[in-house]
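Data block for data.pdb (PDB, C-alpha atoms):
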```
ATOM      1  CA  MET A  90      39.488 128.890 171.090
ATOM      2  CA  THR A  91      39.295 125.777 173.277
ATOM      3  CA  GLU A  92      41.491 122.794 172.492
ATOM      4  CA  SER A  93      39.432 119.691 171.822
ATOM      5  CA  ARG A  94      40.281 116.270 173.196
ATOM      6  CA  LEU A  95      38.605 114.738 170.150
ATOM      7  CA  SER A  96      40.158 114.253 166.737
ATOM      8  CA  THR A  97      39.152 116.526 163.865
ATOM      9  CA  GLY A  98      37.212 113.671 162.288
ATOM     10  CA  GLU A  99      35.245 113.058 165.495
ATOM     11  CA  GLN A 100      34.381 116.756 165.810
ATOM     12  CA  VAL A 101      33.243 117.051 162.186
ATOM     13  CA  THR A 102      31.254 113.816 162.438
ATOM     14  CA  SER A 103      29.430 115.116 165.500
ATOM     15  CA  ILE A 104      28.378 118.488 164.108
ATOM     16  CA  TRP A 105      27.527 117.257 160.616
ATOM     17  CA  GLY A 106      25.843 114.199 162.127
ATOM     18  CA  LEU A 107      23.467 116.792 163.625
ATOM     19  CA  GLY A 108      24.377 115.712 167.137
ATOM     20  CA  GLY A 109      22.577 112.401 166.683
ATOM     21  CA  LEU A 110      19.341 113.993 165.419
ATOM     22  CA  ARG A 111      17.517 113.058 162.253
ATOM     23  CA  ALA A 112      16.867 115.952 159.869
ATOM     24  CA  LYS A 113      13.125 115.822 160.597
ATOM     25  CA  GLU A 114      13.773 115.990 164.360
ATOM     26  CA  LEU A 115      16.079 118.974 163.922
ATOM     27  CA  VAL A 116      13.488 120.829 161.833
ATOM     28  CA  SER A 117      10.822 120.122 164.470
ATOM     29  CA  LEU A 118      13.024 121.394 167.315
ATOM     30  CA  VAL A 119      14.013 124.562 165.455
ATOM     31  CA  TRP A 120      10.391 125.252 164.521
ATOM     32  CA  GLN A 121       9.449 124.877 168.183
ATOM     33  CA  GLN A 122      12.150 127.404 169.077
ATOM     34  CA  VAL A 123      10.854 129.806 166.433
ATOM     35  CA  ASN A 124       7.487 129.784 168.199
ATOM     36  CA  ASP A 125       8.646 129.565 171.824
ATOM     37  CA  GLU A 126      11.237 132.347 171.574
ATOM     38  CA  ASN A 127       9.163 134.506 169.221
ATOM     39  CA  LEU A 128      11.871 134.659 166.572
ATOM     40  CA  LEU A 129       9.475 136.125 164.023
ATOM     41  CA  ASN A 130       9.297 139.281 166.139
ATOM     42  CA  ARG A 131      12.943 139.211 167.221
ATOM     43  CA  ALA A 132      13.947 139.324 163.549
ATOM     44  CA  SER A 133      12.346 142.769 163.359
ATOM     45  CA  GLU A 134      14.906 144.021 165.916
ATOM     46  CA  LEU A 135      17.685 142.901 163.620
ATOM     47  CA  ALA A 136      15.974 144.477 160.600
ATOM     48  CA  TYR A 137      15.980 147.860 162.348
ATOM     49  CA  ASN A 138      19.665 147.586 163.279
ATOM     50  CA  PHE A 139      20.606 146.335 159.799
ATOM     51  CA  LEU A 140      18.952 149.412 158.299
ATOM     52  CA  LEU A 141      20.996 151.690 160.568
ATOM     53  CA  ALA A 142      24.217 149.863 159.655
ATOM     54  CA  LEU A 143      23.683 149.542 155.891
ATOM     55  CA  PHE A 144      24.407 153.053 154.674
ATOM     56  CA  PRO A 145      27.503 153.681 156.862
ATOM     57  CA  PHE A 146      28.980 150.432 155.570
ATOM     58  CA  LEU A 147      28.252 151.247 151.918
ATOM     59  CA  LEU A 148      29.612 154.769 152.396
ATOM     60  CA  PHE A 149      32.796 153.230 153.779
ATOM     61  CA  LEU A 150      33.066 151.151 150.601
ATOM     62  CA  LEU A 151      32.657 154.255 148.440
ATOM     63  CA  VAL A 152      35.381 156.082 150.388
ATOM     64  CA  LEU A 153      37.617 153.023 149.985
ATOM     65  CA  PHE A 154      36.965 152.965 146.238
ATOM     66  CA  GLY A 155      37.645 156.702 146.121
ATOM     67  CA  LEU A 156      41.241 155.990 147.174
ATOM     68  CA  LEU A 157      41.646 154.189 143.842
ATOM     69  CA  ALA A 158      41.368 157.358 141.802
ATOM     70  CA  ALA A 159      41.691 155.685 138.403
ATOM     71  CA  ARG A 160      39.088 152.981 139.021
ATOM     72  CA  GLY A 161      36.990 154.616 141.745
ATOM     73  CA  PRO A 162      34.044 155.791 139.585
ATOM     74  CA  MET A 163      33.918 152.480 137.689
ATOM     75  CA  LEU A 164      33.993 150.473 140.922
ATOM     76  CA  GLN A 165      31.205 152.643 142.311
ATOM     77  CA  GLN A 166      29.030 151.838 139.306
ATOM     78  CA  GLU A 167      29.867 148.142 139.599
ATOM     79  CA  LEU A 168      28.952 148.229 143.301
ATOM     80  CA  PHE A 169      25.556 149.710 142.432
ATOM     81  CA  SER A 170      25.165 147.033 139.778
ATOM     82  CA  TYR A 171      25.786 144.188 142.242
ATOM     83  CA  ILE A 172      23.507 145.804 144.815
ATOM     84  CA  GLY A 173      20.844 145.584 142.119
ATOM     85  CA  ARG A 174      21.507 141.864 141.735
ATOM     86  CA  VAL A 175      21.136 141.052 145.433
ATOM     87  CA  LEU A 176      18.458 143.468 146.625
ATOM     88  CA  PRO A 177      14.920 143.632 145.225
ATOM     89  CA  ALA A 178      14.765 146.243 142.457
ATOM     90  CA  PRO A 179      12.882 148.992 144.389
ATOM     91  CA  ALA A 180      15.192 148.639 147.404
ATOM     92  CA  ALA A 181      18.301 148.689 145.190
ATOM     93  CA  GLN A 182      17.117 151.900 143.510
ATOM     94  CA  LEU A 183      16.478 153.485 146.912
ATOM     95  CA  VAL A 184      19.954 152.536 148.190
ATOM     96  CA  SER A 185      21.744 153.718 145.047
ATOM     97  CA  LYS A 186      19.874 157.031 144.985
ATOM     98  CA  THR A 187      20.484 157.704 148.685
ATOM     99  CA  LEU A 188      24.194 156.903 148.423
ATOM    100  CA  SER A 189      24.628 159.168 145.406
ATOM    101  CA  GLU A 190      22.906 162.061 147.213
ATOM    102  CA  VAL A 191      25.014 161.626 150.360
ATOM    103  CA  VAL A 192      28.313 161.377 148.476
ATOM    104  CA  ASN A 193      27.547 164.435 146.330
ATOM    105  CA  ALA A 194      26.547 166.516 149.362
ATOM    106  CA  SER A 195      29.422 165.527 151.683
ATOM    107  CA  GLY A 196      33.064 166.471 151.755
ATOM    108  CA  GLY A 197      35.672 163.755 152.049
ATOM    109  CA  GLY A 198      36.712 164.704 155.593
ATOM    110  CA  LYS A 199      33.151 164.905 156.890
ATOM    111  CA  LEU A 200      32.303 161.615 155.214
ATOM    112  CA  THR A 201      35.296 159.833 156.750
ATOM    113  CA  PHE A 202      34.593 161.239 160.214
ATOM    114  CA  GLY A 203      30.940 160.243 159.902
ATOM    115  CA  ILE A 204      31.898 156.690 158.956
ATOM    116  CA  ILE A 205      34.124 156.352 162.049
ATOM    117  CA  LEU A 206      31.216 157.400 164.244
ATOM    118  CA  ALA A 207      28.838 155.197 162.267
ATOM    119  CA  LEU A 208      31.063 152.150 162.876
ATOM    120  CA  TRP A 209      30.421 152.523 166.603
ATOM    121  CA  SER A 210      26.658 152.773 166.115
ATOM    122  CA  ALA A 211      26.621 149.971 163.519
ATOM    123  CA  SER A 212      28.091 147.640 166.125
ATOM    124  CA  SER A 213      24.785 147.907 167.997
ATOM    125  CA  GLY A 214      23.334 145.606 165.354
ATOM    126  CA  THR A 215      26.086 143.112 166.103
ATOM    127  CA  SER A 216      25.361 143.480 169.829
ATOM    128  CA  THR A 217      21.734 142.580 169.167
ATOM    129  CA  MET A 218      22.810 139.492 167.230
ATOM    130  CA  MET A 219      25.112 138.478 170.103
ATOM    131  CA  SER A 220      22.287 138.802 172.638
ATOM    132  CA  LEU A 221      19.866 136.776 170.515
ATOM    133  CA  LEU A 222      22.461 134.039 169.958
ATOM    134  CA  THR A 223      23.086 133.869 173.708
ATOM    135  CA  GLU A 224      19.351 133.350 174.199
ATOM    136  CA  ALA A 225      19.474 130.474 171.690
ATOM    137  CA  TYR A 226      21.669 128.588 174.192
ATOM    138  CA  GLN A 227      19.162 129.479 176.954
ATOM    139  CA  VAL A 228      21.783 131.265 179.086
ATOM    140  CA  ARG A 229      22.199 134.853 180.317
ATOM    141  CA  ASP A 230      24.848 137.180 178.946
ATOM    142  CA  THR A 231      27.064 138.030 181.929
ATOM    143  CA  ARG A 232      29.919 139.693 180.046
ATOM    144  CA  PRO A 233      30.830 143.239 181.181
ATOM    145  CA  TRP A 234      29.363 145.860 178.853
ATOM    146  CA  TYR A 235      32.794 147.025 177.671
ATOM    147  CA  GLN A 236      33.859 143.464 176.817
ATOM    148  CA  ALA A 237      30.631 142.847 174.900
ATOM    149  CA  LYS A 238      31.069 146.163 173.054
ATOM    150  CA  LEU A 239      34.675 145.382 172.106
ATOM    151  CA  ILE A 240      33.616 141.957 170.816
ATOM    152  CA  ALA A 241      30.791 143.599 168.860
ATOM    153  CA  LEU A 242      33.203 146.136 167.329
ATOM    154  CA  GLY A 243      35.680 143.401 166.434
ATOM    155  CA  LEU A 244      32.972 141.265 164.840
ATOM    156  CA  THR A 245      31.612 144.275 162.955
ATOM    157  CA  ILE A 246      35.059 145.007 161.502
ATOM    158  CA  ALA A 247      35.715 141.331 160.715
ATOM    159  CA  MET A 248      32.346 140.816 159.007
ATOM    160  CA  SER A 249      32.822 144.060 157.076
ATOM    161  CA  ALA A 250      36.253 142.852 155.912
ATOM    162  CA  LEU A 251      34.804 139.509 154.791
ATOM    163  CA  THR A 252      31.967 141.234 152.964
ATOM    164  CA  ILE A 253      34.476 143.542 151.265
ATOM    165  CA  ALA A 254      36.556 140.494 150.313
ATOM    166  CA  ALA A 255      33.492 138.867 148.770
ATOM    167  CA  LEU A 256      32.767 142.052 146.827
ATOM    168  CA  LEU A 257      36.372 142.379 145.660
ATOM    169  CA  ILE A 258      36.284 138.787 144.417
ATOM    170  CA  VAL A 259      33.260 139.628 142.311
ATOM    171  CA  LEU A 260      34.493 143.073 141.209
ATOM    172  CA  PHE A 261      38.136 142.241 140.445
ATOM    173  CA  GLY A 262      37.979 138.516 139.724
ATOM    174  CA  GLY A 263      37.178 138.907 136.028
ATOM    175  CA  PRO A 264      40.030 141.348 135.201
ATOM    176  CA  ILE A 265      42.524 139.244 137.200
ATOM    177  CA  ALA A 266      41.487 136.040 135.417
ATOM    178  CA  ASP A 267      41.702 137.834 132.057
ATOM    179  CA  PHE A 268      45.198 139.127 132.930
ATOM    180  CA  ILE A 269      46.361 135.611 133.864
ATOM    181  CA  GLY A 270      44.939 134.176 130.662
ATOM    182  CA  ARG A 271      46.692 136.734 128.459
ATOM    183  CA  HIS A 272      50.082 136.402 130.159
ATOM    184  CA  THR A 273      50.193 132.627 130.563
ATOM    185  CA  GLY A 274      48.943 131.627 127.145
ATOM    186  CA  LEU A 275      45.842 129.937 128.578
ATOM    187  CA  GLY A 276      43.508 132.278 126.734
ATOM    188  CA  SER A 277      39.964 132.413 128.046
ATOM    189  CA  ILE A 278      40.254 129.296 130.257
ATOM    190  CA  PRO A 279      40.985 131.200 133.536
ATOM    191  CA  LEU A 280      38.126 133.612 132.813
ATOM    192  CA  LEU A 281      35.733 130.727 132.166
ATOM    193  CA  ILE A 282      36.823 128.992 135.382
ATOM    194  CA  TRP A 283      36.374 132.215 137.304
ATOM    195  CA  LYS A 284      32.848 132.774 135.992
ATOM    196  CA  VAL A 285      31.935 129.364 137.384
ATOM    197  CA  THR A 286      33.680 129.730 140.759
ATOM    198  CA  GLN A 287      33.343 133.420 141.678
ATOM    199  CA  TRP A 288      29.907 133.179 143.287
ATOM    200  CA  PRO A 289      30.674 130.017 145.309
ATOM    201  CA  ALA A 290      33.877 131.743 146.479
ATOM    202  CA  ALA A 291      31.954 134.886 147.459
ATOM    203  CA  LEU A 292      29.334 132.794 149.263
ATOM    204  CA  PHE A 293      32.112 131.075 151.208
ATOM    205  CA  PHE A 294      33.139 134.446 152.643
ATOM    206  CA  VAL A 295      29.529 135.193 153.579
ATOM    207  CA  ALA A 296      29.156 131.766 155.261
ATOM    208  CA  PHE A 297      32.486 132.385 157.028
ATOM    209  CA  ALA A 298      31.097 135.688 158.364
ATOM    210  CA  PHE A 299      28.068 133.784 159.713
ATOM    211  CA  SER A 300      30.404 131.263 161.376
ATOM    212  CA  LEU A 301      32.362 134.077 163.055
ATOM    213  CA  ILE A 302      29.316 135.586 164.720
ATOM    214  CA  TYR A 303      27.998 132.129 165.639
ATOM    215  CA  TYR A 304      31.336 131.361 167.333
ATOM    216  CA  PHE A 305      32.161 134.624 169.112
ATOM    217  CA  GLY A 306      28.627 135.972 169.594
ATOM    218  CA  PRO A 307      27.005 133.815 172.309
ATOM    219  CA  ASP A 308      28.255 134.051 175.886
ATOM    220  CA  VAL A 309      29.209 130.381 176.240
ATOM    221  CA  LYS A 310      32.492 128.691 177.091
ATOM    222  CA  GLU A 311      34.476 125.854 175.531
ATOM    223  CA  GLN A 312      33.524 126.747 171.976
ATOM    224  CA  HIS A 313      35.201 124.815 169.178
ATOM    225  CA  TRP A 314      35.931 126.449 165.849
ATOM    226  CA  TYR A 315      34.388 125.153 162.607
ATOM    227  CA  TRP A 316      34.966 126.957 159.330
ATOM    228  CA  ILE A 317      31.524 126.004 158.102
ATOM    229  CA  THR A 318      28.641 124.813 160.286
ATOM    230  CA  PRO A 319      25.186 123.433 159.392
ATOM    231  CA  GLY A 320      23.691 126.624 160.804
ATOM    232  CA  SER A 321      25.852 128.922 158.663
ATOM    233  CA  VAL A 322      25.184 126.901 155.498
ATOM    234  CA  ILE A 323      21.422 126.720 156.045
ATOM    235  CA  GLY A 324      21.314 130.359 157.155
ATOM    236  CA  VAL A 325      23.042 131.514 153.954
ATOM    237  CA  LEU A 326      20.851 129.261 151.789
ATOM    238  CA  LEU A 327      17.700 130.579 153.488
ATOM    239  CA  TRP A 328      18.937 134.126 152.968
ATOM    240  CA  LEU A 329      19.568 133.486 149.271
ATOM    241  CA  GLY A 330      16.213 131.738 148.853
ATOM    242  CA  CYS A 331      14.341 134.594 150.541
ATOM    243  CA  SER A 332      16.234 137.217 148.512
ATOM    244  CA  PHE A 333      15.558 135.649 145.125
ATOM    245  CA  GLY A 334      12.012 134.690 146.138
ATOM    246  CA  LEU A 335      11.253 138.306 147.061
ATOM    247  CA  ARG A 336      12.804 139.515 143.808
ATOM    248  CA  ALA A 337      10.665 137.075 141.816
ATOM    249  CA  TYR A 338       7.502 138.123 143.655
ATOM    250  CA  LEU A 339       8.161 141.822 143.082
ATOM    251  CA  HIS A 340       8.982 141.144 139.428
ATOM    252  CA  PHE A 341       5.511 139.745 138.813
ATOM    253  CA  SER A 342       3.620 141.950 141.262
ATOM    254  CA  ASN A 343       4.019 145.685 141.846
ATOM    255  CA  SER A 344       0.893 146.193 143.946
ATOM    256  CA  TYR A 345       2.982 147.616 146.799
ATOM    257  CA  THR A 346       3.526 150.840 144.806
ATOM    258  CA  LYS A 347      -0.238 151.319 144.503
ATOM    259  CA  THR A 348      -0.674 150.856 148.237
ATOM    260  CA  TYR A 349       2.360 152.670 149.652
ATOM    261  CA  GLY A 350       3.568 154.895 146.810
ATOM    262  CA  SER A 351       7.138 156.122 147.206
ATOM    263  CA  LEU A 352       7.354 154.493 150.658
ATOM    264  CA  GLY A 353       7.074 151.114 148.964
ATOM    265  CA  ALA A 354      10.834 150.949 148.335
ATOM    266  CA  VAL A 355      11.603 151.555 152.030
ATOM    267  CA  ILE A 356       9.124 148.847 153.042
ATOM    268  CA  VAL A 357      10.651 146.384 150.573
ATOM    269  CA  LEU A 358      14.141 147.118 151.956
ATOM    270  CA  LEU A 359      12.945 146.556 155.532
ATOM    271  CA  LEU A 360      11.186 143.346 154.485
ATOM    272  CA  TRP A 361      14.430 142.093 152.944
ATOM    273  CA  PHE A 362      16.312 142.935 156.147
ATOM    274  CA  TYR A 363      13.628 141.135 158.155
ATOM    275  CA  MET A 364      14.095 137.990 156.066
ATOM    276  CA  THR A 365      17.876 138.307 156.439
ATOM    277  CA  GLY A 366      17.586 138.576 160.222
ATOM    278  CA  LEU A 367      15.216 135.615 160.426
ATOM    279  CA  ALA A 368      17.563 133.456 158.316
ATOM    280  CA  PHE A 369      20.459 134.423 160.598
ATOM    281  CA  LEU A 370      18.516 133.550 163.762
ATOM    282  CA  ILE A 371      17.346 130.209 162.380
ATOM    283  CA  GLY A 372      20.954 129.321 161.524
ATOM    284  CA  GLY A 373      22.069 130.152 165.062
ATOM    285  CA  HIS A 374      19.292 128.048 166.592
ATOM    286  CA  ILE A 375      20.205 125.132 164.329
ATOM    287  CA  ASN A 376      23.744 125.144 165.731
ATOM    288  CA  ALA A 377      22.435 125.432 169.303
ATOM    289  CA  GLN A 378      19.980 122.552 168.873
ATOM    290  CA  ILE A 379      22.702 120.342 167.378
ATOM    291  CA  GLU A 380      24.946 120.988 170.373
ATOM    292  CA  HIS A 381      22.118 120.377 172.846
ATOM    293  CA  ALA A 382      21.296 117.090 171.102
ATOM    294  CA  ALA A 383      24.958 116.061 171.153
ATOM    295  CA  ALA A 384      25.053 116.696 174.914
ATOM    296  CA  ALA A 385      21.930 114.572 175.370
ATOM    297  CA  HIS A 386      23.612 111.763 173.426
ATOM    298  CA  GLY A 387      26.657 111.849 175.730
ATOM    299  CA  HIS A 388      29.064 114.016 173.733
ATOM    300  CA  PRO A 389      31.827 114.944 176.233
ATOM    301  CA  GLU A 390      32.317 118.499 174.931
ATOM    302  CA  ALA A 391      28.744 119.538 174.126
ATOM    303  CA  LYS A 392      26.618 121.859 176.252
ATOM    304  CA  ALA A 393      23.066 121.110 177.374
ATOM    305  CA  PRO A 394      20.409 123.878 177.407
ATOM    306  CA  GLY A 395      21.238 126.451 180.065
ATOM    307  CA  GLN A 396      24.896 125.439 180.305
ATOM    308  CA  LYS A 397      27.745 127.782 179.419
ATOM    309  CA  ALA A 398      30.328 125.003 179.619
ATOM    310  CA  ALA A 399      30.207 121.274 179.054
TER     311      ALA A 399
END
```

Translate this structure into structure tokens?
Amino acid sequence: MTESRLSTGEQVTSIWGLGGLRAKELVSLVWQQVNDENLLNRASELAYNFLLALFPFLLFLLVLFGLLAARGPMLQQELFSYIGRVLPAPAAQLVSKTLSEVVNASGGGKLTFGIILALWSASSGTSTMMSLLTEAYQVRDTRPWYQAKLIALGLTIAMSALTIAALLIVLFGGPIADFIGRHTGLGSIPLLIWKVTQWPAALFFVAFAFSLIYYFGPDVKEQHWYWITPGSVIGVLLWLGCSFGLRAYLHFSNSYTKTYGSLGAVIVLLLWFYMTGLAFLIGGHINAQIEHAAAAHGHPEAKAPGQKAA
């Protein structure tokens, strides 16, 4: 992490001032990048890698829950329940059914060994994200392959940990708040507060995961750390909007089952991953365009297009 010569207030003002751009100008520049760099097709690369990484990650969660013998089965059911809230219904059913079949057919040792190997392959999705973010800054990735792979593995583990933290907040937050209420005499007040704040808290961890990959992913120098960036916020909001929009569409229309039959659930899952990848890429390009605009407006620590360092 590079030390900045600017104060914290000056750094925050620059990035949240959109680098001197108006919101309409930023939207126009990002839309131009979507077309020029063919992001609509590049998102399909991420969708493929997300699909490969999904089941190893969820299997890891089930093994982790299995260590909590008393609560393991209940946590597994709660995990399936929250998968159903985020994913479109057909995709959630496909994921839950597949996970149940794999867990019932695999021994604990084989499952754990498979997850270790899957972690290595799942990092290929992170590697793809790193390459696409580097392209957003219009530079070439010159890192040695082993360095890029180690960064990808580290980011995969970190993002997995943040996702697990978000899930644990949702899964355990209610019982913890209830315990506090009963033992402090506050009654249902902590539980009520938690019901209001649990989803914003979980979304913070997701936005933090976006910020991590936006910071460590591209091969550029003199990066400055921000807990939350415009790109991470807009990326998460786009992801949520696409997820709930797809759920609403499928709720009122089930024509895909008539066209694709049992393959419809797989197609819906891939479509959701495609939207997720596109939201991620748009967020990364928003951050890049803000930095490029800041450089054009004379910011001493911002990088122009094609520059790895200011």

Pairwise distance for CA of Leu352 in chain A and CA of Leu128 in chain A, rounded to one decimal in Å: 25.8 Å

Nearby residues, (16.7, 149.2, 144.0) file frame, 12 Å, all atoms listed in the file, as a list in words: Phe169, Ser170, Tyr171, Ile172, Gly173, Arg174, Val175, Leu176, Pro177, Ala178, Pro179, Ala180, Ala181, Gln182, Leu183, Val184, Ser185, Lys186, Thr187, Leu188, Arg336, Leu339, Gly353, Ala354, Val355, Ile356, Val357, Leu358 and Trp361 of chain A

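Nearest to Ile240 in chain A of all the residues A:Gly372, A:Pro145, A:Gly306, A:Gly324 is A:Gly306, based on all atoms listed in the file.
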
Determine, using all atoms listed in the file, which residues of range 292-391 of chain A have any atom at most 8 Å from an atom of range 217-229 of chain A, and tabulate each with its shortest atom pair and distance in Å to one decimal place, rows ordered by chain and then rising number, as CSV.
```
residue,atom,partner,partner_atom,distance
A:Ile302,CA,A:Met219,CA,7.4
A:Tyr303,CA,A:Leu222,CA,7.3
A:Gly306,CA,A:Met219,CA,4.3
A:Pro307,CA,A:Thr223,CA,4.2
A:Asp308,CA,A:Thr223,CA,5.6
A:Val309,CA,A:Thr223,CA,7.5
A:Leu370,CA,A:Leu222,CA,7.4
A:Gly373,CA,A:Leu222,CA,6.3
A:His374,CA,A:Ala225,CA,5.6
A:Ala377,CA,A:Tyr226,CA,5.9
```

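Taking CA of Met248 in chain A and CA of Gly334 in chain A as the two end points, the separation is 24.8 Å.
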
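Our summary of the geometry notes that CA of Lys310 in chain A is positioned 22.6 Å from CA of Ser213 in chain A.
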
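Every polymer residue reaching to within 7 Å of (17.7, 140.1, 159.4), counting all atoms listed in the file, appears in this list: Ala132, Leu135, Ala136, Phe139, Phe362, Tyr363, Met364, Thr365, Gly366, Leu367, Ala368 and Phe369 of chain A.
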
Residues near Phe293 in chain A, cut-off 12 Å, all atoms listed in the file, skip fewer than 5 positions along chain, as an NGL selection string: :A and (251-252 or 254-256 or 258 or 286-288 or 298-300 or 316-318 or 321-322 or 325-326)

Who sits within 12 Å of range 111-120 of chain A, only C-alpha atoms, same chain under 3 positions skipped, as a ChimeraX atom specification: /A:105-108,123-129,225,319-320,323,368,370-383

Box time for range 378-386 of chain A: axis-aligned, enclosing all its listed atoms, 5 Å extra on each side; report centre and edge lengths in Å to one decimal, as AutoDock Vina command-line options.
```
--center_x 22.5 --center_y 117.2 --center_z 171.4 --size_x 15.1 --size_y 20.8 --size_z 18.0
```

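Under the PyMOL selection byres ((chain A and resi 244) around 9), the matching residues in the shown file are Ser212, Thr215, Leu239, Ile240, Ala241, Leu242, Gly243, Thr245, Ile246, Ala247, Met248, Ser249, Ala298, Leu301, Ile302, Phe305 and Gly306 of chain A.
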
Since fewer atoms than expected are present, regenerate N, CA and C atoms for range 218-231 of chain A and write them as a PDB file, in the frame of the given file.
```
ATOM      1  N   MET A 218      22.628 140.865 167.687  1.00  0.00           N
ATOM      2  CA  MET A 218      22.810 139.492 167.230  1.00  0.00           C
ATOM      3  C   MET A 218      23.464 138.646 168.322  1.00  0.00           C
ATOM      4  N   MET A 219      24.447 139.210 169.028  1.00  0.00           N
ATOM      5  CA  MET A 219      25.112 138.478 170.103  1.00  0.00           C
ATOM      6  C   MET A 219      24.128 138.120 171.213  1.00  0.00           C
ATOM      7  N   SER A 220      23.268 139.066 171.583  1.00  0.00           N
ATOM      8  CA  SER A 220      22.287 138.802 172.638  1.00  0.00           C
ATOM      9  C   SER A 220      21.304 137.718 172.228  1.00  0.00           C
ATOM     10  N   LEU A 221      20.845 137.763 170.978  1.00  0.00           N
ATOM     11  CA  LEU A 221      19.866 136.776 170.515  1.00  0.00           C
ATOM     12  C   LEU A 221      20.502 135.389 170.393  1.00  0.00           C
ATOM     13  N   LEU A 222      21.777 135.333 170.020  1.00  0.00           N
ATOM     14  CA  LEU A 222      22.461 134.039 169.958  1.00  0.00           C
ATOM     15  C   LEU A 222      22.668 133.467 171.362  1.00  0.00           C
ATOM     16  N   THR A 223      22.951 134.333 172.328  1.00  0.00           N
ATOM     17  CA  THR A 223      23.086 133.869 173.708  1.00  0.00           C
ATOM     18  C   THR A 223      21.772 133.264 174.194  1.00  0.00           C
ATOM     19  N   GLU A 224      20.656 133.888 173.833  1.00  0.00           N
ATOM     20  CA  GLU A 224      19.351 133.350 174.199  1.00  0.00           C
ATOM     21  C   GLU A 224      19.100 131.993 173.547  1.00  0.00           C
ATOM     22  N   ALA A 225      19.664 131.763 172.367  1.00  0.00           N
ATOM     23  CA  ALA A 225      19.474 130.474 171.690  1.00  0.00           C
ATOM     24  C   ALA A 225      20.035 129.331 172.520  1.00  0.00           C
ATOM     25  N   TYR A 226      21.093 129.610 173.315  1.00  0.00           N
ATOM     26  CA  TYR A 226      21.669 128.588 174.192  1.00  0.00           C
ATOM     27  C   TYR A 226      20.995 128.573 175.568  1.00  0.00           C
ATOM     28  N   GLN A 227      19.959 129.422 175.721  1.00  0.00           N
ATOM     29  CA  GLN A 227      19.162 129.479 176.954  1.00  0.00           C
ATOM     30  C   GLN A 227      20.020 129.820 178.169  1.00  0.00           C
ATOM     31  N   VAL A 228      20.953 130.773 177.983  1.00  0.00           N
ATOM     32  CA  VAL A 228      21.783 131.265 179.086  1.00  0.00           C
ATOM     33  C   VAL A 228      21.696 132.785 179.101  1.00  0.00           C
ATOM     34  N   ARG A 229      22.165 133.400 180.188  1.00  0.00           N
ATOM     35  CA  ARG A 229      22.199 134.853 180.317  1.00  0.00           C
ATOM     36  C   ARG A 229      23.576 135.374 179.937  1.00  0.00           C
ATOM     37  N   ASP A 230      23.584 136.545 179.314  1.00  0.00           N
ATOM     38  CA  ASP A 230      24.848 137.180 178.946  1.00  0.00           C
ATOM     39  C   ASP A 230      25.390 137.918 180.157  1.00  0.00           C
ATOM     40  N   THR A 231      26.477 137.435 180.725  1.00  0.00           N
ATOM     41  CA  THR A 231      27.064 138.030 181.929  1.00  0.00           C
ATOM     42  C   THR A 231      28.378 138.758 181.637  1.00  0.00           C
TER      43      THR A 231
END
```
